[in-house]
Amino acid sequence: MTSNYFSGFCLSKEQELFYDYLIENDLTVNGFSYGAIKAFKYVYETEKRVDTLQLFSPAFFQTQDKKFKRMQLMFFKKDANEYCKNFLENIAYPSDKNMDKYFTQGSQEELEELLNYTWEKEKLQSLVDRGTKIEVYLGSKDKIIEAHKAIDFFKNYATVYFIKEASHTLQLKKDINE
């Protein structure tokens, strides 16, 4: 069995965070946050059979204005290390999960792509028409994306799971460092 998991921005090998939801088989593709964009693009462009596409807290910034996106890029350019440190804290909130072990430095190009990516309804529908089941997982305490706006967008193309009291990484407050 091959892994079809795509990591989030500034992260590597974090899929263990999603083991409660993760389907691992040759016919499933999954991704977290920025990795959800990469997973979606992969499934959309591949001719291989994909039964299920799992999107964990997909990066969803198309409802944000240009000023918000410019500010994010400006802060990253000013001090990428501080930006990433703050980012790791925000993706974990409100859990106590330490994200440092998954950290890998992200690039400005990746940040630009995730901030400016537009999910297209026609492409989502084409996957549904191909027979791919799309699952979207969102946390109610997400400090990165506006989860309610993501629900409204994805609900017509996917089964959406809204996890009460969960962070962007879908962790709960009770999840403490191991």
# chains A, B, ... in the order shown; residues from 1 in each chain; ligands from 1

call {"tool": "residues_around", "arguments": {"residues": "range 71-83 of chain A", "least_positions_apart": "4", "cutoff": "10 Å", "atoms": "only C-alpha atoms", "output": "JSON, numbers by chain"}}
result
{"A": [66, 67, 87, 88, 105, 106, 107, 108, 109, 111, 112, 115]}

call {"tool": "closest_atom_pairs", "arguments": {"of": "range 6-104 of chain A", "to": "range 147-166 of chain A", "cutoff": "8 Å", "atoms": "only C-alpha atoms", "output": "JSON lines"}}
result
{"residue": "A:Phe60", "atom": "CA", "partner": "A:Ala150", "partner_atom": "CA", "distance": 6.5}
{"residue": "A:Thr63", "atom": "CA", "partner": "A:Lys149", "partner_atom": "CA", "distance": 7.8}
{"residue": "A:Pro94", "atom": "CA", "partner": "A:Ala166", "partner_atom": "CA", "distance": 7.3}
{"residue": "A:Ser95", "atom": "CA", "partner": "A:Ala166", "partner_atom": "CA", "distance": 7.7}

call {"tool": "write_last_selection", "arguments": {"atoms": "N, CA, C and O atoms", "output": "PDB file, in the first residue's frame"}}
result
ATOM      1  N   PHE A  60      -8.568  27.480   2.854  1.00  0.00           N
ATOM      2  CA  PHE A  60      -9.726  28.118   2.227  1.00  0.00           C
ATOM      3  C   PHE A  60      -9.672  29.611   2.528  1.00  0.00           C
ATOM      4  O   PHE A  60     -10.160  30.077   3.556  1.00  0.00           O
ATOM      5  N   THR A  63     -12.353  33.679   0.590  1.00  0.00           N
ATOM      6  CA  THR A  63     -13.273  34.661   1.159  1.00  0.00           C
ATOM      7  C   THR A  63     -12.524  35.827   1.811  1.00  0.00           C
ATOM      8  O   THR A  63     -13.157  36.775   2.259  1.00  0.00           O
ATOM      9  N   PRO A  94      -7.157  25.030  19.967  1.00  0.00           N
ATOM     10  CA  PRO A  94      -6.939  25.185  21.400  1.00  0.00           C
ATOM     11  C   PRO A  94      -6.273  23.974  22.067  1.00  0.00           C
ATOM     12  O   PRO A  94      -6.226  23.898  23.280  1.00  0.00           O
ATOM     13  N   SER A  95      -5.786  23.025  21.282  1.00  0.00           N
ATOM     14  CA  SER A  95      -5.164  21.849  21.896  1.00  0.00           C
ATOM     15  C   SER A  95      -3.798  22.215  22.455  1.00  0.00           C
ATOM     16  O   SER A  95      -3.263  23.290  22.204  1.00  0.00           O
TER      17      SER A  95
END

call {"tool": "select_by_dssp", "arguments": {"residues": "range 106-173 of chain A", "states": "strand (DSSP E)", "output": "list in words"}}
result
Lys133, Ile134, Glu135, Val136, Tyr137, Leu138, Gly139, Thr159, Val160, Tyr161, Phe162 and Ile163 of chain A

call {"tool": "write_last_selection", "arguments": {"atoms": "C-alpha atoms", "output": "CSV table (one decimal), in the first residue's frame"}}
result
chain,number,residue,atom,x,y,z
A,133,LYS,CA,-16.4,10.6,-2.7
A,134,ILE,CA,-15.1,13.8,-1.2
A,135,GLU,CA,-14.8,14.2,2.6
A,136,VAL,CA,-14.0,17.5,4.3
A,137,TYR,CA,-13.1,17.7,8.0
A,138,LEU,CA,-13.2,21.0,9.8
A,139,GLY,CA,-12.7,22.1,13.4
A,159,THR,CA,-19.6,15.0,3.1
A,160,VAL,CA,-18.5,17.7,5.6
A,161,TYR,CA,-17.6,16.7,9.2
A,162,PHE,CA,-17.6,19.6,11.6
A,163,ILE,CA,-15.7,18.6,14.8

call {"tool": "atom_distance", "arguments": {"atom1": "CA of Thr52 in chain A", "atom2": "CA of Phe9 in chain A"}}
result
22.2 Å

call {"tool": "residues_around", "arguments": {"residues": "Phe6 in chain A", "least_positions_apart": "6", "cutoff": "6 Å", "atoms": "only C-alpha atoms", "output": "MDAnalysis selection string"}}
result
chainID A and resid 31 35 39

call {"tool": "residues_around", "arguments": {"residues": "Ile23 in chain A", "least_positions_apart": "3", "cutoff": "10 Å", "atoms": "only C-alpha atoms", "output": "list in words"}}
result
Ser3, Asn4, Tyr5, Phe18, Tyr19, Asp20, Asp26, Leu27, Thr28, Val29, Asn30, Thr52, Leu53 and Gln54 of chain A

call {"tool": "closest_residue", "arguments": {"among": "A:Ile91, A:Leu22, A:Ile37, A:Leu127", "to": "Glu113 in chain A", "atoms": "only C-alpha atoms"}}
result
A:Ile37

call {"tool": "atom_distance", "arguments": {"atom1": "CA of Thr132 in chain A", "atom2": "CA of Leu170 in chain A"}}
result
23.1 Å

call {"tool": "atom_distance", "arguments": {"atom1": "CA of Pro58 in chain A", "atom2": "CA of Tyr117 in chain A"}}
result
10.7 Å

call {"tool": "residues_around", "arguments": {"residues": "Lys123 in chain A", "least_positions_apart": "2", "cutoff": "10 Å", "atoms": "only C-alpha atoms", "output": "ChimeraX atom specification"}}
result
/A:40-41,44,119-121,125-129,157

call {"tool": "closest_residue", "arguments": {"among": "A:Leu172, A:Cys84, A:Arg70, A:Asn25", "to": "Thr104 in chain A", "atoms": "only C-alpha atoms"}}
result
A:Cys84
